[in-house]
Structures are given as C-alpha cells and as structure tokens.
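Peer 1: Contents of entry.txt (compact mmCIF, C-alpha atoms) are below:
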# COMPACT_ATOMS: atom_id res chain seq x y z
CA MET A 654 16.00 -24.79 -14.19
CA PHE A 655 13.44 -22.10 -15.01
CA ASP A 656 11.65 -22.63 -18.33
CA ILE A 657 11.59 -19.30 -20.20
CA ASN A 658 8.96 -20.65 -22.62
CA ILE A 659 6.25 -20.45 -19.96
CA LEU A 660 6.52 -16.67 -19.96
CA LYS A 661 4.55 -16.32 -23.19
CA LYS A 662 1.73 -13.88 -22.62
CA ILE A 663 -1.72 -15.29 -21.90
CA PRO A 664 -5.01 -13.42 -21.46
CA THR A 665 -5.52 -11.82 -18.05
CA SER A 666 -8.38 -12.68 -15.70
CA VAL A 667 -8.48 -16.29 -16.88
CA MET A 668 -9.52 -18.80 -14.24
CA ASN A 669 -8.55 -22.41 -14.82
CA ASP A 670 -7.79 -25.58 -12.93
CA GLU A 671 -4.04 -24.85 -12.91
CA VAL A 672 -4.68 -21.58 -11.08
CA GLU A 673 -7.36 -22.79 -8.67
CA ASN A 674 -5.42 -25.90 -7.64
CA PHE A 675 -1.93 -24.40 -7.95
CA TYR A 676 -0.65 -25.50 -4.55
CA GLN A 677 -2.04 -29.00 -4.79
CA LYS A 678 -0.71 -29.63 -8.30
CA ASN A 679 2.77 -28.39 -7.41
CA LYS A 680 2.75 -30.17 -4.03
CA ILE A 681 3.40 -26.92 -2.16
CA THR A 682 2.06 -26.20 1.30
CA PRO A 683 -0.56 -23.42 1.00
CA PRO A 684 0.16 -20.10 2.77
CA SER A 685 -0.63 -19.99 6.47
CA SER A 686 -3.90 -18.44 7.56
CA LEU A 687 -1.78 -16.15 9.74
CA PHE A 688 -1.14 -14.04 6.63
CA ASP A 689 -4.78 -12.97 6.82
CA VAL A 690 -4.32 -11.28 10.19
CA LEU A 691 -1.56 -8.94 8.96
CA THR A 692 -2.62 -5.31 9.22
CA ASP A 693 0.22 -3.55 7.39
CA THR A 694 1.56 -6.16 4.95
CA TYR A 695 0.18 -7.45 1.65
CA TYR A 696 1.13 -11.05 0.86
CA PHE A 697 0.79 -12.47 -2.66
CA ALA A 698 1.75 -15.44 -4.80
CA LYS A 699 1.66 -15.64 -8.60
CA ASN A 700 2.38 -18.34 -11.16
CA CYS A 701 4.93 -17.90 -13.93
CA GLN A 702 2.37 -16.26 -16.20
CA GLY A 703 1.79 -13.55 -13.61
CA GLN A 704 -1.63 -14.80 -12.49
CA PHE A 705 -2.43 -14.51 -8.80
CA VAL A 706 -2.80 -17.87 -7.07
CA TYR A 707 -3.10 -16.34 -3.60
CA ALA A 708 -3.60 -12.97 -1.92
CA ASN A 709 -4.07 -12.36 1.77
CA GLN A 710 -7.09 -10.61 3.24
CA LEU A 711 -5.49 -7.16 3.30
CA LEU A 712 -4.56 -7.38 -0.39
CA ASN A 713 -8.07 -8.51 -1.29
CA GLU A 714 -9.35 -5.43 0.55
CA ARG A 715 -6.82 -3.27 -1.31
CA PHE A 716 -8.15 -4.63 -4.61
CA GLU A 717 -11.74 -4.15 -3.36
CA LEU A 718 -12.62 -7.81 -3.90
CA SER A 719 -15.50 -9.40 -2.03
CA SER A 720 -14.17 -12.97 -2.03
CA PRO A 721 -10.62 -14.39 -1.76
CA LYS A 722 -11.28 -16.43 -4.91
CA ASP A 723 -11.96 -13.28 -6.93
CA VAL A 724 -8.23 -12.59 -7.24
CA LEU A 725 -7.40 -16.02 -8.70
CA GLY A 726 -6.42 -15.88 -12.36
CA LYS A 727 -6.09 -12.10 -12.44
CA THR A 728 -2.81 -10.27 -13.00
CA ASP A 729 -1.35 -6.93 -11.94
CA TYR A 730 -2.69 -5.47 -15.19
CA ASP A 731 -6.20 -5.92 -13.80
CA PHE A 732 -5.44 -3.64 -10.84
CA PHE A 733 -2.74 -1.14 -11.85
CA ARG A 734 -1.91 1.25 -14.68
CA VAL A 735 -0.05 -0.50 -17.50
CA ASP A 736 3.26 1.25 -16.82
CA VAL A 737 3.08 0.35 -13.12
CA ALA A 738 2.13 -3.25 -13.92
CA ASP A 739 5.02 -3.41 -16.40
CA THR A 740 7.47 -2.51 -13.62
CA ILE A 741 6.00 -5.10 -11.26
CA ARG A 742 6.11 -7.76 -13.97
CA ALA A 743 9.73 -6.92 -14.80
CA ASP A 744 10.71 -7.47 -11.16
CA ASP A 745 8.80 -10.78 -11.08
CA LEU A 746 10.58 -12.00 -14.21
CA GLU A 747 13.98 -11.02 -12.83
CA VAL A 748 13.30 -12.96 -9.63
CA MET A 749 12.20 -16.07 -11.53
CA THR A 750 14.74 -16.08 -14.36
CA LYS A 751 17.74 -15.28 -12.15
CA ASP A 752 16.52 -17.23 -9.09
CA ILE A 753 17.19 -14.28 -6.80
CA ILE A 754 15.52 -12.52 -3.89
CA ILE A 755 14.56 -8.84 -3.92
CA LYS A 756 14.60 -7.37 -0.42
CA ASN A 757 12.71 -4.29 0.78
CA LYS A 758 12.59 -2.51 -2.56
CA PRO A 759 11.06 0.96 -2.02
CA GLU A 760 8.10 1.66 -4.29
CA VAL A 761 6.30 4.99 -4.44
CA LEU A 762 2.93 4.69 -6.17
CA GLN A 763 0.61 7.56 -6.95
CA ASN A 764 -3.17 7.15 -6.94
CA ASP A 765 -5.68 8.88 -9.21
CA VAL A 766 -5.88 11.98 -7.01
CA GLY A 767 -2.12 12.40 -6.71
CA GLN A 768 -1.59 10.96 -3.23
CA LEU A 769 1.65 9.05 -2.65
CA HIS A 770 1.49 5.44 -1.54
CA TRP A 771 4.69 3.99 -0.05
CA LEU A 772 5.44 0.28 -0.21
CA PHE A 773 8.52 -1.78 0.65
CA THR A 774 8.43 -4.98 -1.33
CA SER A 775 10.34 -8.27 -1.05
CA LYS A 776 10.02 -11.15 -3.53
CA SER A 777 11.47 -14.62 -3.99
CA PRO A 778 11.00 -17.52 -6.42
CA LEU A 779 8.21 -19.96 -5.58
CA LYS A 780 9.40 -23.55 -6.10
CA ASN A 781 7.56 -26.85 -6.27
CA ALA A 782 8.42 -30.04 -4.38
CA ARG A 783 11.20 -30.85 -6.88
CA GLY A 784 12.81 -27.42 -6.63
CA LYS A 785 11.53 -26.14 -9.98
CA ILE A 786 10.52 -22.47 -10.10
CA VAL A 787 6.76 -22.31 -10.69
CA GLY A 788 6.06 -18.72 -9.71
CA VAL A 789 6.93 -15.85 -7.42
CA GLU A 790 5.77 -14.93 -3.91
CA GLY A 791 6.32 -11.90 -1.78
CA PHE A 792 5.00 -9.26 0.51
CA SER A 793 4.69 -5.48 0.41
CA ARG A 794 4.78 -3.57 3.67
CA ASP A 795 2.45 -0.59 3.60
CA ALA A 796 4.32 2.35 5.10
CA ASN A 797 1.11 4.32 5.53
CA ARG A 798 -0.13 1.53 7.81
CA SER A 799 3.15 1.11 9.62
CA LEU A 800 4.69 4.45 10.58
CA ASN A 801 7.78 2.82 12.01
CA SER A 802 8.73 1.28 8.67
CA ILE A 803 8.83 4.64 6.91
CA GLU A 804 10.93 6.41 9.55
CA PRO A 805 14.25 6.16 7.64
CA TYR A 806 12.51 7.54 4.55
CA SER A 807 10.55 10.34 6.21
CA ALA A 808 13.36 12.81 5.57
CA PHE A 809 12.74 12.35 1.84
CA LYS A 810 8.96 12.80 1.92
CA GLU A 811 8.98 16.47 0.90
CA CYS A 812 11.68 15.77 -1.67
CA ILE A 813 9.70 12.97 -3.35
CA GLN A 814 6.50 15.01 -3.34
CA TYR A 815 8.38 17.87 -4.99
CA LEU A 816 9.83 15.55 -7.63
CA HIS A 817 6.41 14.16 -8.48
CA ARG A 818 5.04 17.69 -8.93
CA HIS A 819 8.01 19.11 -10.88
CA TYR A 820 9.51 16.12 -12.70
CA MET A 821 9.06 17.92 -16.05
CA ASP A 822 11.18 20.88 -14.89
CA ASN A 823 14.93 21.26 -14.64
CA VAL A 824 15.14 19.84 -11.11
CA SER A 825 18.24 20.79 -9.14
CA VAL A 826 19.71 18.06 -6.93
CA GLU A 827 21.17 20.84 -4.77
CA TYR A 828 17.66 22.17 -4.15
CA LEU A 829 16.38 18.67 -3.30
CA ALA A 830 19.17 18.38 -0.72
CA GLN A 831 18.23 21.80 0.65
CA ILE A 832 14.54 20.99 1.17
CA SER A 833 15.62 17.69 2.77
CA CYS A 834 17.84 19.66 5.20
CA MET A 835 20.99 17.76 4.18
CA SER A 836 24.31 18.58 2.61
CA LEU A 837 24.58 17.60 -1.05
CA SER A 838 26.98 14.70 -0.40
CA SER A 839 24.90 13.35 2.50
CA PHE A 840 21.67 13.67 0.49
CA GLU A 841 23.05 11.81 -2.53
CA ARG A 842 24.56 9.06 -0.38
CA LYS A 843 21.40 8.48 1.69
CA PHE A 844 19.08 8.76 -1.32
CA LYS A 845 20.96 6.01 -3.16
CA LYS A 846 21.02 3.85 -0.01
CA TYR A 847 17.26 4.03 0.51
CA PHE A 848 16.03 4.14 -3.10
CA GLY A 849 18.65 2.07 -4.91
CA CYS A 850 19.49 4.82 -7.43
CA THR A 851 20.79 8.37 -7.60
CA PRO A 852 18.38 11.34 -7.51
CA LYS A 853 18.98 11.98 -11.23
CA GLN A 854 18.27 8.33 -12.06
CA TYR A 855 15.06 8.48 -10.01
CA ILE A 856 13.93 11.60 -11.89
CA LYS A 857 14.65 9.97 -15.25
CA ARG A 858 12.77 6.80 -14.29
CA PHE A 859 9.77 8.79 -13.13
CA ARG A 860 9.79 10.82 -16.36
CA ILE A 861 9.80 7.60 -18.37
CA GLN A 862 6.96 6.24 -16.23
CA GLU A 863 4.86 9.35 -16.84
CA SER A 864 5.67 9.27 -20.56
CA CYS A 865 4.32 5.70 -20.69
CA ARG A 866 1.06 6.94 -19.22
CA MET A 867 0.86 9.71 -21.83
CA LEU A 868 1.68 7.40 -24.74
CA ILE A 869 -1.03 4.97 -23.65
CA ALA A 870 -3.46 7.91 -23.41
CA GLY A 871 -2.76 8.68 -27.08
CA TYR A 872 -0.34 11.61 -26.89
CA ASN A 873 2.13 11.84 -29.77
CA ILE A 874 5.77 11.04 -29.02
CA GLN A 875 7.06 14.60 -29.32
CA ARG A 876 4.40 15.92 -26.94
CA ALA A 877 5.15 13.16 -24.40
CA ALA A 878 8.87 13.90 -24.62
CA ILE A 879 8.56 17.65 -24.05
CA ASP A 880 5.84 17.44 -21.40
CA CYS A 881 7.89 14.93 -19.40
CA GLY A 882 10.99 17.14 -19.34
CA PHE A 883 13.16 15.73 -22.13
CA CYS A 884 14.98 18.32 -24.24
CA ASP A 885 14.06 16.73 -27.59
CA GLN A 886 12.41 13.67 -29.11
CA SER A 887 15.69 12.03 -30.16
CA TYR A 888 17.09 12.06 -26.62
CA PHE A 889 13.76 10.87 -25.24
CA THR A 890 13.65 7.96 -27.69
CA ARG A 891 17.19 6.90 -26.76
CA GLU A 892 16.55 7.02 -23.02
CA PHE A 893 13.15 5.34 -23.36
CA ARG A 894 14.64 2.44 -25.29
CA LEU A 895 17.46 1.99 -22.78
CA MET A 896 14.98 1.70 -19.93
CA MET A 897 12.00 -0.02 -21.56
CA GLY A 898 13.75 -2.17 -24.16
CA VAL A 899 11.58 -0.82 -27.02
CA THR A 900 11.11 2.52 -28.76
CA PRO A 901 8.27 4.85 -27.70
CA LYS A 902 6.58 4.17 -31.05
CA SER A 903 6.65 0.40 -30.56
CA TYR A 904 5.51 0.72 -26.96
CA GLN A 905 2.59 2.94 -27.89
CA ALA A 906 1.52 0.70 -30.77
CA THR A 907 1.62 -2.43 -28.60
CA ARG A 908 -0.20 -0.92 -25.62
CA CYS A 909 -2.87 0.83 -27.66
CA ASN A 910 -3.62 -2.40 -29.48
How does the structure come out when it is put into structure tokens?
Peer 2:
Amino acid sequence: MFDINILKKIPTSVMNDEVENFYQKNKITPPSSLFDVLTDTYYFAKNCQGQFVYANQLLNERFELSSPKDVLGKTDYDFFRVDVADTIRADDLEVMTKDIIIKNKPEVLQNDVGQLHWLFTSKSPLKNARGKIVGVEGFSRDANRSLNSIEPYSAFKECIQYLHRHYMDNVSVEYLAQISCMSLSSFERKFKKYFGCTPKQYIKRFRIQESCRMLIAGYNIQRAAIDCGFCDQSYFTREFRLMMGVTPKSYQATRCN
C-alpha cells in the first residue's frame, strides 16, 4: 500500500543518504547501463518526494549536467517552469497513488524562444523488494530525435503551432481541421486519439498553463484571465479551480512565496 504521508513537500536539491543509496536501501536492481546508450529516449527514476535517484546520460545532457551524480536529489522544479513541473508532478502522484501505468502520453513543451519540443512519456510505479511503491520510473521518447515516432502526429504540427500562437483568441475548431487538411469529424476523432482530449479541452488546458506562468510573473488575476482568452475573471477562476484544484489567488500567493 502506498503511504500518502510521504508526499509532504521537502526542499528541492537536497542530497542525502536515502537519495544516493536509493537502490541499495530498497533492494532494487539499479538501471542497466544500456540506458546510457539511448539516443532518443530519456530514462529517469524518482523517489516518492519527487527527487531524482537516476537519470540516463541523455537526460543529464538535456539538463546540462556535467556529472551523473549532479541530478541526484533535484526535482523537476529545478529544471522546468513551475507550471510545467506541476503537471509532471501531478502525473507522478497519480501513478504512485493509483498504482497505474501511463503509456505514451504526448507532451508538447515550449522552450524560452518559442520552439516546440515533442515528448511521448510512459511512467510506472517503482517498487521495492517487498512490493511497496517507493517512487516512479519512466522514459520520454524525444520526437525531435526520432522522426519515426512523431509520424502519426505530424499532421497536427501546424495545428499545434497555431494554437500556441493564438490560444488567447477565439480559436475555431473548424479552422484547425482545415489547416490540418481533415474533415471536422475526422480531425476531432484523431486529435482525441493522439492527444487524449478534445481540441477545445487542449486549448483550455494550454490557456490555464499560460495563466499560471503569468500569475507567477506577478500579473494580476484579471489581466491573466483576459490575456489568456477567458471572457471574464469569474469564468477564469471557475475553470482554473476545476483544473488546478485551487483558486488563481491561492495559486499565485503560494507560488510567489
């Protein structure tokens, strides 16, 4: 049984004996050195607190770390924007608390200069010798490094780029289908198959993600709501709470502190 009490937040970037000797203490066979020869896949393992206990060579390069030990004790909050790290952490917690496997979840990340970064991530609970969940492990396939893996999604590339540029506007699903060269019904069916949500749900999630970034940057709630495409602050607050579990005001206060 997974112990929910171990999810209490601890400081990031803390190195301790539990992290450094994670595999030995839990009597788990360490990851194979073959993970370090992967050229298009990031492999990672984290404890229940979200601290990395292993990252393969490619992921260390992605994080621009000089030594494999440099990742130990750090969390996703040390490498990603808070709103992005929040999403990753939410997936980790779902995997651990529900004892489930997430398979090939599409993730579209945007870097500081606006370039899209496509990943397809799978995660599963990491269990010790007695079957107790002690963390989460997984891998993210980098579609930019593996052209074959992105082939089913290539038809949506222009669509996703358009959404990320115009998420604050009144985006027409019919127009998205048109620029993807599909009928409306085919577009909606394939979009949900590949991305796990409808186009409208994707737009709303991306708007919430961008509003998180603005709130953390110090924008007031009304400005974040309007700039991210919500018709008014009341509707924004309701949708934000449904998705994030807290109000924009509470989120901003917590993150700014």
Peer 1: Residues near stretch 806-821 of chain A, anyone? I mean within 7 Å using all atoms listed in the file, not counting same-chain ones fewer than 5 positions away, as a list in words.
Peer 2: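 Here the answer would be Leu829, Ile832, Ser833, Ile856, Arg860, Asp880, Cys881 and Gly882 of chain A.
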Peer 1: Quick one: write out the picked residues with C-alpha atoms as a tab-separated table (two decimals), keeping the file's coordinate frame?
Peer 2:
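Writing done, so here's part01.tsv:
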chain	number	residue	atom	x	y	z
A	829	LEU	CA	16.38	18.67	-3.30
A	832	ILE	CA	14.54	20.99	1.17
A	833	SER	CA	15.62	17.69	2.77
A	856	ILE	CA	13.93	11.60	-11.89
A	860	ARG	CA	9.79	10.82	-16.36
A	880	ASP	CA	5.84	17.44	-21.40
A	881	CYS	CA	7.89	14.93	-19.40
A	882	GLY	CA	10.99	17.14	-19.34
Peer 1: Can you tell me, as a list in words, what residues are no more than 7 Å from A:Asn679 when counting only C-alpha atoms, ignoring any on the same chain fewer than 2 positions away?
Peer 2: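 My reading of the contact set: Phe675, Tyr676, Gln677, Ile681, Asn781 and Ala782 of chain A.
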Peer 1: Within 9 Å of A:Pro778, counting only C-alpha atoms, which residues show up once you throw out same-chain ones fewer than 4 positions away? Write them as a VMD selection string, please.
Peer 2: chain A and resid 745 748 to 750 752 to 754 786 to 791
Peer 1: Name the residues in contact with A:Leu687 at a cut-off of 12 Å, using all atoms listed in the file, excluding same-chain residues fewer than 3 positions from it; report them as a ChimeraX atom specification.
Peer 2: /A:683-684,690-692,694,696,709-711
Peer 1: To one decimal place in Å, what is the distance between atom CA of A:Ser903 and atom CA of A:Ile755?
Peer 2: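 Atom CA of A:Ile755 lies 29.3 Å from atom CA of A:Ser903.
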Peer 1: Take atom CA of A:Lys776 and atom CA of A:Ser719 and report the distance between them in Å, one decimal.
Peer 2: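 Result for atom CA of A:Lys776 versus atom CA of A:Ser719: 25.6 Å, one decimal.
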Peer 1: Nearest to A:Ala906 among A:Ser720, A:Asn873, A:Gln831, A:Gln862, with distances taken over only C-alpha atoms: which residue is it?
Peer 2: A:Asn873
Peer 1: What's the separation between atom CA of A:Tyr695 and atom CA of A:Gly726, in Å to one decimal place?
Peer 2: 17.6 Å
Peer 1: At a cut-off of 10 Å, using all atoms listed in the file, what residues contact A:Leu712? Leave out same-chain residues fewer than 3 positions from it and give the result as an mmCIF file with C-alpha atoms, keeping the file's coordinate frame.
Peer 2:
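Heads up, here's the output in out_23.cif:
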data_model
loop_
_atom_site.group_PDB
_atom_site.id
_atom_site.type_symbol
_atom_site.label_atom_id
_atom_site.label_comp_id
_atom_site.auth_asym_id
_atom_site.auth_seq_id
_atom_site.Cartn_x
_atom_site.Cartn_y
_atom_site.Cartn_z
ATOM 1 C CA ASP A 689 -4.780 -12.970 6.820
ATOM 2 C CA LEU A 691 -1.560 -8.940 8.960
ATOM 3 C CA ASP A 693 0.220 -3.550 7.390
ATOM 4 C CA THR A 694 1.560 -6.160 4.950
ATOM 5 C CA TYR A 695 0.180 -7.450 1.650
ATOM 6 C CA TYR A 696 1.130 -11.050 0.860
ATOM 7 C CA PHE A 697 0.790 -12.470 -2.660
ATOM 8 C CA TYR A 707 -3.100 -16.340 -3.600
ATOM 9 C CA ALA A 708 -3.600 -12.970 -1.920
ATOM 10 C CA ASN A 709 -4.070 -12.360 1.770
ATOM 11 C CA ARG A 715 -6.820 -3.270 -1.310
ATOM 12 C CA PHE A 716 -8.150 -4.630 -4.610
ATOM 13 C CA GLU A 717 -11.740 -4.150 -3.360
ATOM 14 C CA LEU A 718 -12.620 -7.810 -3.900
ATOM 15 C CA PRO A 721 -10.620 -14.390 -1.760
ATOM 16 C CA VAL A 724 -8.230 -12.590 -7.240
ATOM 17 C CA PHE A 792 5.000 -9.260 0.510
ATOM 18 C CA SER A 793 4.690 -5.480 0.410
#
Peer 1: Dig up all the protein and nucleic acid residues within 12 Å of (2.9, -1.6, -15.8) in the file frame, using only C-alpha atoms, and format them as a list in words.
Peer 2: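 With a cut-off of 12 Å, the residues come to Thr728, Asp729, Tyr730, Asp731, Phe732, Phe733, Arg734, Val735, Asp736, Val737, Ala738, Asp739, Thr740, Ile741, Arg742, Ala743, Asp744, Asp745, Leu762, Ile861, Gln862, Glu863, Cys865, Arg866, Ile869, Met897, Tyr904 and Arg908 of chain A.
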